[in-house]
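Next up, coords28.cif (mmCIF, C-alpha atoms):
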data_query
loop_
_atom_site.label_atom_id
_atom_site.label_comp_id
_atom_site.auth_asym_id
_atom_site.auth_seq_id
_atom_site.Cartn_x
_atom_site.Cartn_y
_atom_site.Cartn_z
CA MET A 6 122.61 -87.89 -1.55
CA ARG A 7 125.31 -89.45 -3.71
CA MET A 8 124.88 -93.11 -4.67
CA ASP A 9 127.93 -94.08 -2.61
CA GLN A 10 126.69 -92.34 0.51
CA THR A 11 124.79 -94.08 3.27
CA LEU A 12 122.86 -92.78 6.25
CA ASP A 13 124.25 -93.40 9.70
CA ARG A 14 122.20 -96.05 11.51
CA ARG A 15 121.93 -93.58 14.42
CA ALA A 16 120.47 -90.87 12.14
CA PHE A 17 117.68 -88.71 13.53
CA LEU A 18 114.83 -86.65 12.11
CA VAL A 19 114.42 -83.24 13.76
CA GLY A 20 110.78 -82.35 14.12
CA LEU A 21 108.70 -79.53 15.55
CA GLY A 22 110.19 -77.79 18.54
CA GLY A 23 113.57 -79.38 17.91
CA MET A 24 112.32 -82.81 19.00
CA SER A 25 114.40 -85.60 17.44
CA LEU A 26 113.19 -89.04 16.48
CA ALA A 27 115.41 -91.95 15.56
CA LEU A 28 114.97 -92.95 11.94
CA PRO A 29 113.56 -96.41 11.26
CA VAL A 30 115.91 -98.83 9.54
CA LEU A 31 116.04 -97.86 5.85
CA ASP A 32 117.72 -99.27 2.75
CA ALA A 33 119.72 -96.02 2.60
CA MET A 34 121.46 -97.00 5.82
CA GLY A 35 123.60 -99.45 3.92
CA ALA A 36 124.42 -103.14 3.77
CA GLU A 37 125.33 -103.43 7.45
CA VAL A 38 121.72 -102.87 8.43
CA THR A 39 119.75 -103.97 5.37
CA ALA A 40 121.59 -107.12 4.29
CA GLN A 41 119.44 -109.33 6.48
CA LEU A 42 116.09 -110.26 5.00
CA PRO A 43 112.95 -109.55 7.02
CA ARG A 44 112.06 -112.36 9.44
CA ARG A 45 108.38 -112.52 10.22
CA PHE A 46 106.03 -114.54 12.40
CA CYS A 47 102.30 -115.26 12.21
CA ALA A 48 100.32 -117.39 14.66
CA MET A 49 96.82 -118.58 13.70
CA TYR A 50 94.64 -120.29 16.30
CA THR A 51 91.46 -122.31 16.02
CA ALA A 52 89.55 -123.38 19.13
CA ASN A 53 88.11 -126.73 20.19
CA GLY A 54 90.81 -128.89 18.60
CA MET A 55 90.62 -130.82 15.34
CA SER A 56 88.85 -133.97 14.22
CA LEU A 57 90.93 -137.04 15.15
CA PRO A 58 88.55 -139.96 14.46
CA LYS A 59 89.08 -143.26 16.26
CA THR A 60 90.28 -146.28 14.29
CA GLU A 61 86.91 -148.01 14.67
CA HIS A 62 85.22 -145.13 12.84
CA GLY A 63 86.85 -146.28 9.60
CA ILE A 64 87.49 -142.75 8.35
CA ALA A 65 91.25 -142.47 8.94
CA GLU A 66 91.55 -140.36 5.78
CA TRP A 67 89.70 -137.58 7.67
CA HIS A 68 92.13 -137.59 10.61
CA TRP A 69 93.73 -134.11 10.86
CA PHE A 70 97.21 -135.60 11.31
CA PRO A 71 98.48 -137.69 8.37
CA THR A 72 97.82 -141.42 8.82
CA ALA A 73 99.20 -142.81 5.54
CA GLU A 74 102.39 -142.68 3.47
CA LYS A 75 103.13 -143.04 -0.22
CA ASN A 76 106.62 -143.28 -1.70
CA GLY A 77 108.11 -142.29 1.63
CA GLU A 78 106.01 -139.12 1.98
CA PHE A 79 102.97 -138.52 4.15
CA VAL A 80 99.61 -138.40 2.39
CA PHE A 81 97.58 -135.28 3.09
CA PRO A 82 94.34 -136.15 4.92
CA LYS A 83 91.12 -135.03 3.27
CA SER A 84 90.67 -132.33 5.91
CA THR A 85 93.97 -130.62 4.95
CA GLU A 86 94.13 -131.61 1.27
CA PRO A 87 93.81 -127.97 0.08
CA LEU A 88 97.29 -127.43 1.54
CA ALA A 89 98.89 -130.12 -0.65
CA PRO A 90 100.34 -127.58 -3.16
CA PHE A 91 102.45 -126.24 -0.28
CA ARG A 92 103.95 -129.59 0.74
CA LYS A 93 107.52 -128.28 0.44
CA HIS A 94 106.61 -125.31 2.61
CA LEU A 95 104.90 -126.93 5.60
CA SER A 96 105.20 -129.67 8.20
CA PHE A 97 102.85 -131.35 10.66
CA MET A 98 104.15 -131.43 14.23
CA GLY A 99 102.91 -134.31 16.43
CA GLY A 100 103.08 -135.00 20.15
CA LEU A 101 103.38 -131.37 21.29
CA HIS A 102 101.86 -130.20 24.56
CA HIS A 103 102.15 -127.70 27.39
CA PRO A 104 103.03 -129.46 30.69
CA SER A 105 100.74 -126.99 32.48
CA GLY A 106 97.83 -127.85 30.19
CA PRO A 107 96.52 -130.92 32.08
CA LYS A 108 96.61 -128.95 35.35
CA ALA A 109 94.50 -126.07 34.07
CA ASP A 110 90.85 -125.43 33.28
CA PRO A 111 90.57 -126.90 29.76
CA HIS A 112 88.99 -123.68 28.56
CA THR A 113 92.19 -121.74 29.24
CA CYS A 114 94.01 -123.53 26.44
CA SER A 115 93.74 -120.53 24.12
CA ASP A 116 95.13 -118.28 26.87
CA MET A 117 98.26 -120.38 27.29
CA TRP A 118 98.73 -121.47 23.68
CA LEU A 119 101.46 -118.90 22.93
CA THR A 120 102.62 -118.48 26.54
CA GLY A 121 102.75 -121.95 28.12
CA ALA A 122 101.78 -120.20 31.34
CA PRO A 123 101.30 -122.35 34.44
CA LEU A 124 97.98 -122.75 36.21
CA HIS A 125 99.05 -120.38 38.98
CA ASN A 126 100.08 -116.78 38.44
CA PRO A 127 103.61 -116.48 37.02
CA LYS A 128 103.97 -113.13 38.82
CA PRO A 129 102.01 -111.48 41.63
CA GLY A 130 99.13 -109.55 40.15
CA THR A 131 99.22 -111.26 36.76
CA TYR A 132 97.36 -114.18 35.28
CA ASN A 133 99.50 -115.00 32.29
CA SER A 134 103.01 -114.54 30.95
CA VAL A 135 104.37 -113.05 27.75
CA GLY A 136 103.25 -114.57 24.46
CA LEU A 137 105.64 -115.74 21.77
CA ASP A 138 104.38 -113.10 19.34
CA GLN A 139 105.12 -110.26 21.76
CA MET A 140 108.58 -111.61 22.51
CA ILE A 141 109.20 -111.54 18.76
CA ALA A 142 107.69 -108.05 18.45
CA LEU A 143 110.06 -106.82 21.14
CA HIS A 144 112.99 -107.71 18.87
CA THR A 145 111.51 -106.77 15.47
CA LYS A 146 109.57 -103.55 16.17
CA GLN A 147 112.58 -101.34 15.42
CA TYR A 148 112.44 -102.45 11.78
CA CYS A 149 108.78 -101.80 10.99
CA ARG A 150 105.91 -99.34 11.34
CA GLN A 151 103.87 -101.33 13.87
CA PRO A 152 105.21 -103.56 16.67
CA SER A 153 102.53 -106.18 16.07
CA LEU A 154 99.13 -106.82 14.54
CA ILE A 155 96.60 -108.57 16.77
CA LEU A 156 93.43 -109.91 15.16
CA SER A 157 90.58 -112.18 16.20
CA ILE A 158 87.13 -113.21 15.15
CA ASP A 159 85.34 -111.23 17.89
CA ALA A 160 87.85 -108.47 18.79
CA GLY A 161 88.63 -107.19 22.27
CA THR A 162 89.96 -109.48 24.97
CA GLY A 163 86.90 -111.54 25.92
CA PHE A 164 87.16 -112.68 29.52
CA LEU A 165 89.30 -114.96 31.64
CA SER A 166 89.30 -118.54 30.26
CA ARG A 167 87.09 -117.47 27.35
CA THR A 168 89.43 -114.94 25.81
CA GLY A 169 89.00 -113.10 22.52
CA THR A 170 92.74 -112.72 21.93
CA ILE A 171 95.78 -115.01 21.94
CA SER A 172 98.28 -112.17 22.41
CA TYR A 173 99.69 -111.38 25.86
CA SER A 174 101.95 -108.46 26.74
CA LEU A 175 105.35 -108.58 28.41
CA GLU A 176 103.44 -108.24 31.70
CA GLY A 177 101.15 -111.16 30.85
CA ARG A 178 98.04 -109.07 30.21
CA PRO A 179 95.70 -109.80 27.27
CA ILE A 180 96.10 -107.35 24.38
CA PRO A 181 92.83 -106.42 22.66
CA ALA A 182 92.39 -107.78 19.15
CA GLU A 183 90.79 -106.14 16.13
CA ASN A 184 88.27 -107.61 13.68
CA ASN A 185 86.99 -104.77 11.47
CA PRO A 186 88.70 -105.02 8.06
CA ARG A 187 88.09 -101.39 7.11
CA HIS A 188 89.39 -100.04 10.41
CA ILE A 189 92.43 -102.32 10.20
CA PHE A 190 93.12 -101.24 6.61
CA ASN A 191 92.82 -97.54 7.43
CA ARG A 192 95.15 -97.84 10.40
CA LEU A 193 97.78 -99.82 8.49
CA PHE A 194 97.64 -98.23 5.05
CA ARG A 195 95.90 -94.85 5.33
CA GLY A 196 97.67 -93.17 8.24
CA ASP A 197 98.57 -89.49 7.85
CA ARG A 198 99.44 -86.58 10.12
CA SER A 199 95.83 -85.54 10.70
CA SER A 200 94.67 -89.05 11.60
CA LEU A 201 97.64 -89.52 13.93
CA GLN A 202 96.88 -86.22 15.66
CA SER A 203 93.25 -87.24 16.06
CA GLU A 204 94.25 -90.58 17.55
CA ARG A 205 96.71 -88.85 19.86
CA GLU A 206 93.99 -86.52 21.17
CA LYS A 207 91.60 -89.42 21.74
CA LEU A 208 94.32 -91.30 23.63
CA GLN A 209 95.03 -88.30 25.88
CA ARG A 210 91.32 -87.99 26.72
CA ARG A 211 91.16 -91.67 27.62
CA ILE A 212 94.25 -91.46 29.81
CA LYS A 213 92.74 -88.47 31.67
CA LEU A 214 89.53 -90.44 32.20
CA VAL A 215 91.42 -93.41 33.65
CA ASP A 216 93.40 -91.10 35.93
CA ALA A 217 90.17 -89.46 37.12
CA VAL A 218 88.56 -92.80 37.92
CA ALA A 219 91.65 -93.95 39.82
CA GLU A 220 91.81 -90.67 41.77
CA SER A 221 88.08 -90.85 42.56
CA ALA A 222 88.48 -94.35 43.95
CA ARG A 223 91.35 -93.20 46.16
CA SER A 224 89.56 -90.07 47.39
CA LEU A 225 86.51 -92.08 48.38
CA ASP A 226 88.77 -94.54 50.17
CA LYS A 227 87.31 -97.38 48.17
CA GLN A 228 89.01 -100.28 46.49
CA LEU A 229 87.87 -101.71 43.20
CA GLY A 230 86.73 -105.32 43.29
CA LYS A 231 88.75 -108.02 41.54
CA SER A 232 86.60 -107.97 38.42
CA ASP A 233 86.78 -104.18 38.15
CA ARG A 234 90.54 -104.20 38.69
CA GLU A 235 90.92 -106.71 35.87
CA LYS A 236 88.81 -104.53 33.57
CA MET A 237 90.89 -101.49 34.44
CA GLU A 238 94.12 -103.39 33.81
CA GLN A 239 92.85 -104.57 30.44
CA TYR A 240 91.80 -101.05 29.53
CA LEU A 241 95.21 -99.70 30.50
CA THR A 242 96.86 -102.42 28.43
CA SER A 243 94.69 -101.34 25.51
CA LEU A 244 95.78 -97.72 25.95
CA ASN A 245 99.42 -98.74 26.15
CA GLU A 246 99.02 -100.71 22.93
CA VAL A 247 97.45 -97.72 21.16
CA GLU A 248 100.25 -95.47 22.40
CA SER A 249 102.97 -97.82 21.18
CA ARG A 250 101.31 -97.93 17.75
CA LEU A 251 101.17 -94.13 17.58
CA ILE A 252 104.80 -93.74 18.56
CA ALA A 253 105.81 -96.24 15.88
CA SER A 254 103.60 -94.61 13.24
CA GLU A 255 104.96 -91.14 13.99
CA LYS A 256 108.51 -92.35 13.38
CA TRP A 257 107.58 -93.49 9.87
CA ILE A 258 105.20 -90.71 8.82
CA ASP A 259 107.56 -89.17 6.22
CA ILE A 260 108.51 -92.50 4.67
CA PRO A 261 106.16 -93.63 1.90
CA LEU A 262 104.55 -97.05 1.96
CA LYS A 263 105.33 -99.62 -0.68
CA LYS A 264 102.92 -99.30 -3.59
CA GLN A 265 100.49 -102.22 -3.55
CA ASP A 266 97.29 -103.36 -5.22
CA TYR A 267 94.33 -103.25 -2.82
CA SER A 268 91.62 -103.92 -5.41
CA HIS A 269 91.01 -107.50 -4.24
CA LEU A 270 90.13 -106.45 -0.69
CA ASN A 271 86.52 -106.59 0.51
CA LEU A 272 86.65 -104.08 3.34
CA ASP A 273 82.91 -104.40 3.93
CA ALA A 274 83.33 -108.03 5.01
CA THR A 275 82.19 -108.72 8.57
CA ASN A 276 82.14 -111.71 10.89
CA GLU A 277 78.34 -111.71 10.54
CA GLY A 278 78.49 -112.37 6.82
CA GLU A 279 79.90 -115.20 4.72
CA PRO A 280 82.68 -116.85 6.82
CA ALA A 281 85.11 -117.50 3.94
CA THR A 282 84.86 -113.89 2.76
CA PHE A 283 85.67 -112.56 6.22
CA TYR A 284 88.58 -114.93 6.82
CA ARG A 285 90.12 -114.33 3.39
CA THR A 286 89.85 -110.57 3.78
CA MET A 287 91.64 -110.75 7.13
CA PHE A 288 94.32 -113.03 5.65
CA ASP A 289 94.73 -110.64 2.71
CA LEU A 290 95.32 -107.77 5.14
CA ILE A 291 97.98 -109.77 6.99
CA ALA A 292 99.72 -110.68 3.73
CA LEU A 293 99.71 -107.05 2.58
CA ALA A 294 101.05 -105.89 5.94
CA PHE A 295 103.91 -108.38 5.69
CA ASP A 296 104.63 -107.47 2.07
CA ALA A 297 104.87 -103.78 2.95
CA ASP A 298 106.91 -104.63 6.07
CA ILE A 299 104.42 -102.76 8.25
CA THR A 300 104.80 -105.36 10.98
CA ARG A 301 106.68 -108.60 11.51
CA SER A 302 104.56 -110.15 14.25
CA VAL A 303 100.90 -111.12 13.78
CA THR A 304 98.35 -113.20 15.66
CA PHE A 305 94.92 -114.18 14.38
CA MET A 306 92.41 -116.03 16.56
CA LEU A 307 90.03 -117.71 14.11
CA ASN A 308 87.68 -119.21 16.70
CA ARG A 309 87.06 -118.95 20.46
CA GLU A 310 86.81 -121.75 23.00
CA ASP A 311 83.69 -123.32 24.48
CA GLY A 312 81.15 -122.04 21.97
CA MET A 313 81.95 -118.40 22.63
CA GLY A 314 81.48 -115.80 19.93
CA ILE A 315 79.95 -115.66 16.49
CA SER A 316 82.26 -118.18 14.84
CA ASP A 317 80.61 -120.99 16.77
CA THR A 318 77.77 -120.71 14.24
CA PHE A 319 80.02 -120.88 11.17
CA PRO A 320 79.55 -124.65 10.63
CA LEU A 321 75.79 -124.05 10.49
CA LYS A 322 76.34 -121.42 7.80
CA LEU A 323 78.37 -123.99 5.87
CA GLY A 324 75.51 -126.50 5.96
CA LEU A 325 76.78 -128.67 8.82
CA ALA A 326 74.31 -129.87 11.41
CA LYS A 327 75.88 -128.51 14.62
CA THR A 328 77.85 -125.61 15.97
CA HIS A 329 81.65 -125.69 16.17
CA HIS A 330 81.75 -126.50 19.89
CA GLN A 331 79.08 -129.18 19.53
CA LEU A 332 81.04 -130.78 16.67
CA SER A 333 84.16 -130.90 18.82
CA HIS A 334 82.35 -133.06 21.38
CA ALA A 335 81.10 -135.57 18.81
CA THR A 336 82.25 -139.12 19.54
CA ASP A 337 80.43 -140.98 16.77
CA LYS A 338 81.54 -141.46 13.17
CA GLU A 339 79.10 -139.01 11.62
CA GLY A 340 79.90 -136.32 14.17
CA GLN A 341 83.65 -136.65 13.67
CA LEU A 342 83.16 -136.58 9.90
CA ASN A 343 81.25 -133.31 10.13
CA PHE A 344 83.91 -131.93 12.48
CA ALA A 345 86.54 -132.85 9.89
CA ARG A 346 84.56 -131.06 7.20
CA TYR A 347 84.89 -127.88 9.23
CA ASP A 348 88.64 -128.56 9.46
CA LEU A 349 88.56 -128.77 5.66
CA PHE A 350 86.89 -125.37 5.46
CA LEU A 351 89.60 -123.86 7.67
CA ALA A 352 92.33 -125.51 5.58
CA GLU A 353 90.87 -123.88 2.46
CA GLN A 354 91.21 -120.46 4.09
CA VAL A 355 94.76 -121.17 5.26
CA ALA A 356 95.67 -122.33 1.75
CA HIS A 357 94.38 -119.01 0.42
CA PHE A 358 96.69 -117.24 2.90
CA PHE A 359 99.72 -119.32 1.89
CA GLY A 360 98.94 -118.51 -1.73
CA ARG A 361 98.95 -114.79 -1.00
CA LEU A 362 102.24 -115.00 0.91
CA SER A 363 103.75 -116.96 -1.97
CA SER A 364 102.66 -114.37 -4.51
CA TYR A 365 104.55 -111.51 -2.83
CA LYS A 366 108.28 -111.30 -3.51
CA ASP A 367 111.08 -110.28 -1.15
CA ARG A 368 114.61 -109.43 -2.28
CA GLU A 369 115.27 -113.15 -1.95
CA GLY A 370 112.42 -115.61 -2.26
CA THR A 371 108.80 -114.98 -1.36
CA VAL A 372 107.23 -113.49 1.73
CA LEU A 373 106.30 -117.06 2.75
CA ASP A 374 109.97 -118.07 2.53
CA ASN A 375 110.78 -115.35 5.07
CA THR A 376 107.81 -115.88 7.39
CA ILE A 377 107.23 -118.61 9.96
CA VAL A 378 103.51 -119.41 10.13
CA LEU A 379 102.16 -121.37 13.08
CA PHE A 380 98.67 -122.88 12.78
CA GLY A 381 97.06 -125.00 15.46
CA SER A 382 94.86 -125.41 18.48
CA GLY A 383 95.25 -125.61 22.25
CA ALA A 384 93.42 -128.94 22.43
CA SER A 385 93.39 -132.09 20.35
CA THR A 386 89.77 -133.26 20.76
CA THR A 387 87.20 -132.58 23.47
CA HIS A 388 89.52 -130.36 25.50
CA ASN A 389 92.36 -132.89 25.53
CA PRO A 390 95.57 -130.88 26.19
CA ARG A 391 97.95 -133.44 24.65
CA ASN A 392 99.14 -134.05 21.07
CA LEU A 393 98.06 -130.56 20.08
CA PRO A 394 97.26 -130.26 16.35
CA THR A 395 100.12 -128.13 15.05
CA MET A 396 101.35 -127.10 11.63
CA VAL A 397 104.42 -124.99 10.88
CA ALA A 398 104.83 -123.41 7.46
CA GLY A 399 107.18 -121.06 5.65
CA GLY A 400 110.58 -119.92 6.82
CA CYS A 401 112.54 -121.77 4.14
CA ASN A 402 115.03 -118.87 4.05
CA MET A 403 115.25 -119.07 7.85
CA GLY A 404 116.59 -122.60 8.00
CA LEU A 405 113.32 -124.57 8.17
CA LYS A 406 113.19 -127.88 6.26
CA HIS A 407 109.68 -128.94 5.38
CA GLY A 408 107.60 -131.72 3.87
CA THR A 409 107.54 -133.94 6.96
CA TYR A 410 105.22 -135.20 9.66
CA TRP A 411 107.49 -134.78 12.67
CA LYS A 412 106.73 -136.62 15.90
CA ASN A 413 108.98 -137.64 18.73
CA GLY A 414 106.88 -138.94 21.59
CA GLU A 415 105.78 -136.07 23.80
CA SER A 416 107.59 -132.76 23.37
CA ARG A 417 107.08 -129.37 24.95
CA MET A 418 105.46 -126.67 22.85
CA ALA A 419 107.84 -124.20 24.48
CA ASN A 420 110.78 -126.10 22.98
CA MET A 421 109.29 -125.47 19.55
CA TYR A 422 108.75 -121.82 20.47
CA LEU A 423 112.40 -121.51 21.44
CA SER A 424 113.28 -123.07 18.07
CA ILE A 425 111.12 -120.45 16.36
CA LEU A 426 112.88 -117.66 18.27
CA ARG A 427 116.28 -118.98 17.25
CA SER A 428 115.15 -119.22 13.61
CA MET A 429 114.01 -115.60 13.88
CA GLY A 430 117.55 -114.69 14.91
CA ILE A 431 116.49 -114.03 18.52
CA GLU A 432 119.04 -115.71 20.76
CA GLN A 433 116.93 -116.37 23.85
CA GLU A 434 118.31 -118.87 26.35
CA SER A 435 114.83 -120.15 27.11
CA PHE A 436 111.14 -119.41 26.67
CA ALA A 437 108.39 -120.26 29.18
CA ASP A 438 109.09 -123.81 30.46
CA SER A 439 111.38 -124.83 27.59
CA THR A 440 114.16 -127.32 28.24
CA GLY A 441 115.89 -126.77 24.90
CA THR A 442 115.02 -126.67 21.20
CA LEU A 443 113.40 -129.39 19.09
CA SER A 444 116.37 -131.41 17.94
CA GLY A 445 116.15 -133.30 14.67
CA SER A 446 113.00 -131.44 13.66
CA VAL A 447 112.15 -129.06 10.84
CA PHE A 448 114.14 -126.38 12.67
CA SER A 449 117.49 -127.52 11.37
CA LYS A 450 119.37 -124.42 12.50
CA ALA A 451 117.67 -123.90 15.85
#

Render the structure in this file as structure tokens.
Amino acid sequence: MRMDQTLDRRAFLVGLGGMSLALPVLDAMGAEVTAQLPRRFCAMYTANGMSLPKTEHGIAEWHWFPTAEKNGEFVFPKSTEPLAPFRKHLSFMGGLHHPSGPKADPHTCSDMWLTGAPLHNPKPGTYNSVGLDQMIALHTKQYCRQPSLILSIDAGTGFLSRTGTISYSLEGRPIPAENNPRHIFNRLFRGDRSSLQSEREKLQRRIKLVDAVAESARSLDKQLGKSDREKMEQYLTSLNEVESRLIASEKWIDIPLKKQDYSHLNLDATNEGEPATFYRTMFDLIALAFDADITRSVTFMLNREDGMGISDTFPLKLGLAKTHHQLSHATDKEGQLNFARYDLFLAEQVAHFFGRLSSYKDREGTVLDNTIVLFGSGASTTHNPRNLPTMVAGGCNMGLKHGTYWKNGESRMANMYLSILRSMGIEQESFADSTGTLSGSVFSKA
């Protein structure tokens, strides 16, 4: 192809049997398609809230939200001090909440964190509504190899109100998360024709099994109970997710991945080992996936609600006296101080992630400059659904202006989500129960 030639954006690859597949968006397709920089999104969730000590405790410097100023700028609390080098790339967001939060079981806060779903079913037959990450994936999947990457500490979906994922499909069903670094790496970076064919065959066997079970239930004139129906729906959602990944991967199979250095990865890390090693390996995989433009929508559930899952024991591994859930219920000074020390541990891992994103370069700026990162929890302290601890980072090339502690009374989380969508270039009229965007906030162009 001559240097002055470009591929038509509607170009197709012709495969076996004459089947045609639309080409992914490539640099060779010209400035019309490739001029816009990648816009990415990553949501990171920690359960049980953050440490917000009372004034009488006398440890305001350990409050997760900033409580002091110096020379007109907020002072980083001790629990988020590791993030200080990224001051110009992040902002604290105060006063955010979901209006449906106080009406719901407090343990469903992780379920609704990215959806804002009401207490009652949004649609007949569904529990939840679409998550922000999947709305973004719907608009970005045409540009990358995988629609989204869904990670968590325990994998799977968990169960209602104690979920193991924060990602919900367009139909409001929980999407299973992954937590095995080696499996994630192989799927993202080691895919080839033989592995895709193997995955396709496994998927077809699973679909046949589901069809057989459904037909058996009909032939015996029996109806599955509610719990069994939910399990079947979750399994079908899982199969749909696998199929969408395979379709995306097949479109890109002849296009080489960006060359990257994987030597720093510890693919033998597990959630049963050293917590920092596991978290940093997962964050390294996300950063590499963004750098290679494999996906532009990621969720990572760092901890589960109500003492569920292995991460509840992480504070004990770090030398703290109680589990994560027990620390979140502490009301005394010493308990809140230990809770804050776990917040500090999480901030150290997040700082590592920001460092990785900053080290990778896009055509303009860094990967962090072209990625909006959301970090927070679905509760403030002890299952309180108001003033949700929230941090927004990155996106400086997407119109975000950082270095502030923004607070404006009580504001809807969904308004911030709509602002994120607009910053991503997704012109939604509304999202969940939004009433508009966050005016006068870090989202200057929303």

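Proximity ranking of A:Phe46, A:Trp118, A:Phe190, A:Tyr148 relative to A:Thr168 places A:Trp118 first, based on all atoms listed in the file.
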
Suppose a student applies the PyMOL selection byres ((chain A and resi 70) around 10) to this structure; what residues should they get, written as an mmCIF file with C-alpha atoms, keeping the file's coordinate frame?
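The result, stored in result_4.cif:
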data_model
loop_
_atom_site.group_PDB
_atom_site.id
_atom_site.type_symbol
_atom_site.label_atom_id
_atom_site.label_comp_id
_atom_site.auth_asym_id
_atom_site.auth_seq_id
_atom_site.Cartn_x
_atom_site.Cartn_y
_atom_site.Cartn_z
ATOM 1 C CA MET A 55 90.620 -130.820 15.340
ATOM 2 C CA SER A 56 88.850 -133.970 14.220
ATOM 3 C CA LEU A 57 90.930 -137.040 15.150
ATOM 4 C CA ALA A 65 91.250 -142.470 8.940
ATOM 5 C CA GLU A 66 91.550 -140.360 5.780
ATOM 6 C CA TRP A 67 89.700 -137.580 7.670
ATOM 7 C CA HIS A 68 92.130 -137.590 10.610
ATOM 8 C CA TRP A 69 93.730 -134.110 10.860
ATOM 9 C CA PRO A 71 98.480 -137.690 8.370
ATOM 10 C CA THR A 72 97.820 -141.420 8.820
ATOM 11 C CA ALA A 73 99.200 -142.810 5.540
ATOM 12 C CA PHE A 79 102.970 -138.520 4.150
ATOM 13 C CA VAL A 80 99.610 -138.400 2.390
ATOM 14 C CA PHE A 81 97.580 -135.280 3.090
ATOM 15 C CA PRO A 82 94.340 -136.150 4.920
ATOM 16 C CA SER A 84 90.670 -132.330 5.910
ATOM 17 C CA THR A 85 93.970 -130.620 4.950
ATOM 18 C CA PHE A 97 102.850 -131.350 10.660
ATOM 19 C CA MET A 98 104.150 -131.430 14.230
ATOM 20 C CA GLY A 99 102.910 -134.310 16.430
ATOM 21 C CA PRO A 394 97.260 -130.260 16.350
ATOM 22 C CA THR A 395 100.120 -128.130 15.050
ATOM 23 C CA MET A 396 101.350 -127.100 11.630
ATOM 24 C CA TYR A 410 105.220 -135.200 9.660
#

Selection near stretch 268-277 of chain A, 12 Å with only C-alpha atoms, sequence-local residues under 2 positions removed, as an MDAnalysis selection string: chainID A and resid 157:160 183:191 265:266 279:293 307:308 314:319 322 361

Skip stretch 432-440 of chain A itself and residues of its chain fewer than 3 positions away, then list as a PyMOL selection string all residues within 7 Å of it, counting all atoms listed in the file. chain A and resi 120-122+417+419-420+423+426-427

Between atom CA of A:Pro43 and atom CA of A:Leu405, measure the distance and give it in Å to one decimal.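 Atom CA of A:Leu405 lies at a distance of 15.1 Å from atom CA of A:Pro43.
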
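With all atoms listed in the file as the basis for measurement, A:Asn53 is the residue among A:Thr386, A:Gln331, A:Asn53, A:Ser428 that approaches A:Arg309 most closely.
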
A:Glu78, A:Asp296, A:Asp348, A:Glu339 ranked by distance to A:Ser364, top pick (using all atoms listed in the file):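 Of the candidates, the smallest distance to A:Ser364 is held by A:Asp296.
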
Choose the residue, out of A:Ile260, A:Leu325, A:Ile155, A:Leu175, that has the smallest atom-to-atom separation from A:Tyr50; count only C-alpha atoms.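 When distances to A:Tyr50 are compared using only C-alpha atoms, the smallest one comes from A:Ile155.
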
Separation of atom CA of A:Leu373 and atom CA of A:Leu88, in Å?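 Computing the Euclidean distance for atom CA of A:Leu373 and atom CA of A:Leu88 yields 13.8 Å.
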